[in-house]
Amino acid sequence: MNLLLLSNSTQHGRGYLEHALDTVTGFLPTGARLAFVPYALADHDAYTARVHGALSGAGIEVRGVHEGGDPLARLGEADAVFVGGGNSFRLLSALYGTGMREALIKAVAGGLPYMGASAGTNMAAPSLRTTNDMPIVEPPSFEALGLVPFQINPHYLDPDPASTHKGETREERLREFLEENNVPVLGLREGSWLRVEGERAVLGGERDARLFRRGAEPRELAVGSDLSELLAVRGGFDIRS
């Protein structure tokens, strides 16, 4: 498995993918044919053009899987795939509807490098259940790609002790998830990412991450931490006790 899972594609004060560009261009070498999956946003052409603008200077050829009428053919021609961010429910629904979900699982298992950002990173987990997004559409299932056996929460936000907002914090929502499911959740703060190569997983980026497990207090993970143990977890869903 060869994965680059970004918490976010746009960092405050920087251009699209700029905060992770060295890592991205190392993952996608010069001349790579990149299949871009734009389904998380409504305007697929504009979204693809944005990715092209960010990566063309590095010699990466970007083509949207929606171009040419056969997304599976576009995937089959590629040297790597990038699943972009946006609404996770809309993205997963489109993956099911186009046949891309099964095609991605098979292609990535066969060695195709997979890059995700935000919603695209959510897709790498077993389930949609730890997304932050509103369910604007209803996918056939919450079952995502399962490229890693644990859950990920991109854009993780720490509780603000000075806030007067009385809604649930992200930490409270993830604790609720763990009351019903026994699967670790990696909270990726903005500016962080996870790099998976074979049986090794390492936290990268500019900010530390937070790991949530059932029955334990959240644990801080420093950039550079080896998280390979998470690739061997065997959790379960809908397990209250």
# chains A, B, ... in the order shown; residues from 1 in each chain; ligands from 1
$ residues_around --residues "Glu172 in chain A" --least-positions-apart "3" --cutoff "12 Å" --atoms "only C-alpha atoms" --output "compact mmCIF listing (two decimals) with N, CA, C and O atoms, in the first residue's frame"
# COMPACT_ATOMS: atom_id res chain seq x y z
N THR A 130 -16.66 9.01 10.77
CA THR A 130 -15.94 10.05 11.51
C THR A 130 -15.68 11.28 10.66
O THR A 130 -14.80 12.08 10.96
N TYR A 156 -8.97 18.01 12.31
CA TYR A 156 -9.28 17.89 13.73
C TYR A 156 -9.06 19.22 14.44
O TYR A 156 -8.02 19.87 14.29
N LEU A 157 -10.05 19.63 15.24
CA LEU A 157 -10.00 20.88 16.00
C LEU A 157 -9.97 20.58 17.48
O LEU A 157 -10.80 19.81 17.98
N ASP A 158 -9.04 21.19 18.19
CA ASP A 158 -8.97 21.02 19.64
C ASP A 158 -10.09 21.80 20.32
O ASP A 158 -10.52 22.85 19.83
N PRO A 159 -10.56 21.32 21.48
CA PRO A 159 -11.55 22.09 22.24
C PRO A 159 -10.99 23.46 22.62
O PRO A 159 -9.81 23.59 22.97
N LYS A 166 -22.01 26.10 22.82
CA LYS A 166 -22.43 24.98 23.65
C LYS A 166 -22.66 23.69 22.87
O LYS A 166 -23.12 22.70 23.42
N GLY A 167 -22.39 23.72 21.56
CA GLY A 167 -22.48 22.48 20.79
C GLY A 167 -21.32 21.55 21.12
O GLY A 167 -20.36 21.93 21.78
N GLU A 168 -21.40 20.33 20.62
CA GLU A 168 -20.36 19.35 20.90
C GLU A 168 -19.04 19.75 20.26
O GLU A 168 -18.99 20.25 19.14
N THR A 169 -17.97 19.51 21.00
CA THR A 169 -16.64 19.69 20.42
C THR A 169 -16.31 18.46 19.56
O THR A 169 -16.98 17.43 19.62
N ARG A 175 -15.50 10.81 20.98
CA ARG A 175 -15.75 9.95 22.14
C ARG A 175 -17.09 9.23 21.99
O ARG A 175 -17.23 8.05 22.36
N GLU A 176 -18.10 9.93 21.47
CA GLU A 176 -19.39 9.30 21.21
C GLU A 176 -19.26 8.17 20.19
O GLU A 176 -19.89 7.12 20.33
N PHE A 177 -18.46 8.41 19.15
CA PHE A 177 -18.22 7.36 18.16
C PHE A 177 -17.65 6.12 18.84
O PHE A 177 -18.08 4.98 18.55
N LEU A 178 -16.72 6.30 19.76
CA LEU A 178 -16.08 5.18 20.43
C LEU A 178 -16.98 4.49 21.44
O LEU A 178 -16.71 3.36 21.84
N GLU A 179 -18.06 5.13 21.84
CA GLU A 179 -19.05 4.47 22.69
C GLU A 179 -19.80 3.38 21.91
O GLU A 179 -20.27 2.41 22.48
N PHE A 212 -7.34 8.70 19.24
CA PHE A 212 -8.45 8.34 20.14
C PHE A 212 -8.65 6.83 20.09
O PHE A 212 -8.72 6.23 19.02
N GLU A 217 -7.59 7.80 27.35
CA GLU A 217 -7.57 9.22 27.09
C GLU A 217 -6.87 9.48 25.75
O GLU A 217 -5.96 8.73 25.37
N PRO A 218 -7.28 10.52 25.03
CA PRO A 218 -6.62 10.83 23.76
C PRO A 218 -5.12 11.03 23.94
O PRO A 218 -4.67 11.57 24.96
$ select_by_dssp --residues "range 39-99 of chain A" --states "strand (DSSP E)" --output "list of chain:residue names"
A:Glu61, A:Val62, A:Arg63, A:Gly64, A:Ala80, A:Val81, A:Phe82, A:Val83
$ closest_residue --among "A:Ala49, A:Val233, A:Leu186, A:Ala40" --to "Tyr16 in chain A" --atoms "only C-alpha atoms"
A:Ala49
$ closest_residue --among "A:Gly53, A:Gly235, A:Gly191, A:Gly204" --to "His12 in chain A" --atoms "only C-alpha atoms"
A:Gly191
$ closest_residue --among "A:Phe237, A:Phe150, A:Phe89, A:Tyr96" --to "Asn132 in chain A" --atoms "only C-alpha atoms"
A:Phe89
$ residues_around --residues "range 142-147 of chain A" --least-positions-apart "2" --cutoff "8 Å" --atoms "only C-alpha atoms" --output "PyMOL selection string"
chain A and resi 1+92+101-102+104-105+108+122-129+139-140+149
$ write_last_selection --atoms "N, CA and C atoms" --output "compact mmCIF listing (two decimals), in the first residue's frame"
# COMPACT_ATOMS: atom_id res chain seq x y z
N MET A 1 0.84 -1.19 0.00
CA MET A 1 0.00 0.00 0.00
C MET A 1 0.88 1.25 0.00
N LEU A 92 -18.58 9.81 -1.62
CA LEU A 92 -18.77 8.37 -1.49
C LEU A 92 -19.94 7.90 -2.35
N ARG A 101 -15.54 3.00 -6.56
CA ARG A 101 -15.17 2.49 -5.24
C ARG A 101 -14.45 1.15 -5.37
N GLU A 102 -15.06 0.20 -6.03
CA GLU A 102 -14.44 -1.10 -6.18
C GLU A 102 -13.16 -1.02 -7.02
N LEU A 104 -11.09 1.52 -7.24
CA LEU A 104 -10.01 2.10 -6.43
C LEU A 104 -9.44 1.08 -5.47
N ILE A 105 -10.31 0.34 -4.80
CA ILE A 105 -9.84 -0.68 -3.85
C ILE A 105 -8.91 -1.67 -4.56
N VAL A 108 -5.51 0.21 -5.84
CA VAL A 108 -4.57 0.56 -4.77
C VAL A 108 -3.96 -0.71 -4.17
N ASN A 122 -10.81 10.78 4.23
CA ASN A 122 -11.90 10.03 4.85
C ASN A 122 -12.17 8.73 4.11
N MET A 123 -12.08 8.77 2.78
CA MET A 123 -12.38 7.59 1.98
C MET A 123 -11.42 6.45 2.25
N ALA A 124 -10.21 6.75 2.70
CA ALA A 124 -9.21 5.70 2.94
C ALA A 124 -9.54 4.86 4.17
N ALA A 125 -10.39 5.36 5.05
CA ALA A 125 -10.78 4.64 6.25
C ALA A 125 -11.85 3.59 5.93
N PRO A 126 -12.17 2.73 6.87
CA PRO A 126 -13.22 1.73 6.61
C PRO A 126 -14.61 2.33 6.44
N SER A 127 -14.89 3.43 7.15
CA SER A 127 -16.25 3.95 7.19
C SER A 127 -16.27 5.46 7.14
N LEU A 128 -17.41 5.99 6.73
CA LEU A 128 -17.63 7.43 6.68
C LEU A 128 -17.95 8.02 8.05
N ARG A 129 -18.02 7.22 9.07
CA ARG A 129 -18.64 7.62 10.34
C ARG A 129 -17.90 8.71 11.11
N PRO A 139 -25.46 8.13 0.50
CA PRO A 139 -24.78 7.07 -0.26
C PRO A 139 -25.42 5.71 0.05
N PRO A 140 -25.19 4.73 -0.80
CA PRO A 140 -25.76 3.40 -0.55
C PRO A 140 -25.33 2.78 0.77
N PRO A 149 -7.07 0.23 8.31
CA PRO A 149 -8.09 -0.41 9.14
C PRO A 149 -8.61 0.45 10.28
$ residues_around --residues "Arg213 in chain A" --least-positions-apart "2" --cutoff "7 Å" --atoms "only C-alpha atoms" --output "list of chain:residue names"
A:Val183, A:Pro184, A:Val185, A:Leu211, A:Gly215, A:Ala216, A:Pro218
$ closest_residue --among "A:Ala20, A:Val196, A:Val148, A:Ala109" --to "Arg234 in chain A" --atoms "only C-alpha atoms"
A:Val148
$ closest_atom_pairs --of "range 92-159 of chain A" --to "range 62-69 of chain A" --cutoff "12 Å" --atoms "only C-alpha atoms" --output "Markdown table"
| residue | atom | partner | partner_atom | distance |
| --- | --- | --- | --- | --- |
| A:Ala94 | CA | A:His66 | CA | 10.9 |
| A:Leu95 | CA | A:Val65 | CA | 11.1 |
| A:Thr98 | CA | A:His66 | CA | 9.7 |
| A:Gly99 | CA | A:Val65 | CA | 11.8 |
| A:Met100 | CA | A:Val65 | CA | 9.4 |
| A:Leu104 | CA | A:Val65 | CA | 11.8 |
$ write_last_selection --atoms "all heavy atoms" --output "PDB file, in the first residue's frame"
ATOM      1  N   ALA A  94     -20.892   9.168  -5.169  1.00  0.00           N
ATOM      2  CA  ALA A  94     -20.420   9.133  -6.559  1.00  0.00           C
ATOM      3  C   ALA A  94     -19.479   7.955  -6.805  1.00  0.00           C
ATOM      4  O   ALA A  94     -19.494   7.360  -7.885  1.00  0.00           O
ATOM      5  CB  ALA A  94     -19.726  10.441  -6.907  1.00  0.00           C
ATOM      6  N   LEU A  95     -18.664   7.615  -5.825  1.00  0.00           N
ATOM      7  CA  LEU A  95     -17.778   6.464  -5.994  1.00  0.00           C
ATOM      8  C   LEU A  95     -18.586   5.187  -6.191  1.00  0.00           C
ATOM      9  O   LEU A  95     -18.255   4.341  -7.035  1.00  0.00           O
ATOM     10  CB  LEU A  95     -16.851   6.318  -4.793  1.00  0.00           C
ATOM     11  CG  LEU A  95     -15.803   7.418  -4.577  1.00  0.00           C
ATOM     12  CD1 LEU A  95     -14.933   7.088  -3.375  1.00  0.00           C
ATOM     13  CD2 LEU A  95     -14.943   7.634  -5.805  1.00  0.00           C
ATOM     14  N   THR A  98     -20.468   5.364  -9.811  1.00  0.00           N
ATOM     15  CA  THR A  98     -19.630   5.236 -11.013  1.00  0.00           C
ATOM     16  C   THR A  98     -18.858   3.926 -11.071  1.00  0.00           C
ATOM     17  O   THR A  98     -18.201   3.638 -12.075  1.00  0.00           O
ATOM     18  CB  THR A  98     -18.608   6.386 -11.071  1.00  0.00           C
ATOM     19  OG1 THR A  98     -17.802   6.348  -9.879  1.00  0.00           O
ATOM     20  CG2 THR A  98     -19.300   7.735 -11.189  1.00  0.00           C
ATOM     21  N   GLY A  99     -18.901   3.145 -10.005  1.00  0.00           N
ATOM     22  CA  GLY A  99     -18.089   1.941  -9.939  1.00  0.00           C
ATOM     23  C   GLY A  99     -16.662   2.197  -9.504  1.00  0.00           C
ATOM     24  O   GLY A  99     -15.839   1.273  -9.456  1.00  0.00           O
ATOM     25  N   MET A 100     -16.369   3.462  -9.160  1.00  0.00           N
ATOM     26  CA  MET A 100     -15.005   3.812  -8.789  1.00  0.00           C
ATOM     27  C   MET A 100     -14.591   3.242  -7.434  1.00  0.00           C
ATOM     28  O   MET A 100     -13.396   3.024  -7.194  1.00  0.00           O
ATOM     29  CB  MET A 100     -14.839   5.332  -8.781  1.00  0.00           C
ATOM     30  CG  MET A 100     -14.677   5.952 -10.149  1.00  0.00           C
ATOM     31  SD  MET A 100     -13.056   5.573 -10.864  1.00  0.00           S
ATOM     32  CE  MET A 100     -12.005   6.602  -9.843  1.00  0.00           C
ATOM     33  N   LEU A 104     -11.087   1.516  -7.241  1.00  0.00           N
ATOM     34  CA  LEU A 104     -10.012   2.097  -6.434  1.00  0.00           C
ATOM     35  C   LEU A 104      -9.439   1.075  -5.467  1.00  0.00           C
ATOM     36  O   LEU A 104      -8.218   0.973  -5.297  1.00  0.00           O
ATOM     37  CB  LEU A 104     -10.533   3.311  -5.667  1.00  0.00           C
ATOM     38  CG  LEU A 104     -10.632   4.617  -6.442  1.00  0.00           C
ATOM     39  CD1 LEU A 104     -11.422   5.657  -5.645  1.00  0.00           C
ATOM     40  CD2 LEU A 104      -9.254   5.156  -6.791  1.00  0.00           C
TER      41      LEU A 104
END
$ closest_residue --among "A:Ile60, A:Val51, A:Leu6, A:Ala46" --to "Ala32 in chain A" --atoms "only C-alpha atoms"
A:Ile60
$ residues_around --residues "His19 in chain A" --least-positions-apart "4" --cutoff "8 Å" --atoms "only C-alpha atoms" --output "list in words"
Thr10, Gln11, Arg14, Gly15 and Gly191 of chain A
$ select_by_dssp --residues "range 73-194 of chain A" --states "helix (DSSP H, G or I)" --output "JSON, numbers by chain"
{"A": [73, 74, 75, 76, 77, 88, 89, 90, 91, 92, 93, 94, 95, 96, 97, 98, 100, 101, 102, 103, 104, 105, 106, 107, 108, 109, 119, 120, 121, 122, 170, 171, 172, 173, 174, 175, 176, 177, 178, 179, 180]}
$ atom_distance --atom1 "CA of Leu227 in chain A" --atom2 "CA of Thr30 in chain A"
28.4 Å
$ closest_residue --among "A:Ala54, A:Ser7, A:Gly76, A:Ala232" --to "Asp22 in chain A" --atoms "only C-alpha atoms"
A:Ala54
$ atom_distance --atom1 "CA of Asp208 in chain A" --atom2 "CA of Val223 in chain A"
5.2 Å
$ atom_distance --atom1 "CA of Ala42 in chain A" --atom2 "CA of Ile152 in chain A"
23.8 Å
$ residues_around --residues "Leu5 in chain A" --least-positions-apart "3" --cutoff "7 Å" --atoms "only C-alpha atoms" --output "ChimeraX atom specification"
/A:115-117,121,193-195
$ residues_around --residues "Val24 in chain A" --least-positions-apart "5" --cutoff "9 Å" --atoms "only C-alpha atoms" --output "ChimeraX atom specification"
/A:4,17,29,55,115
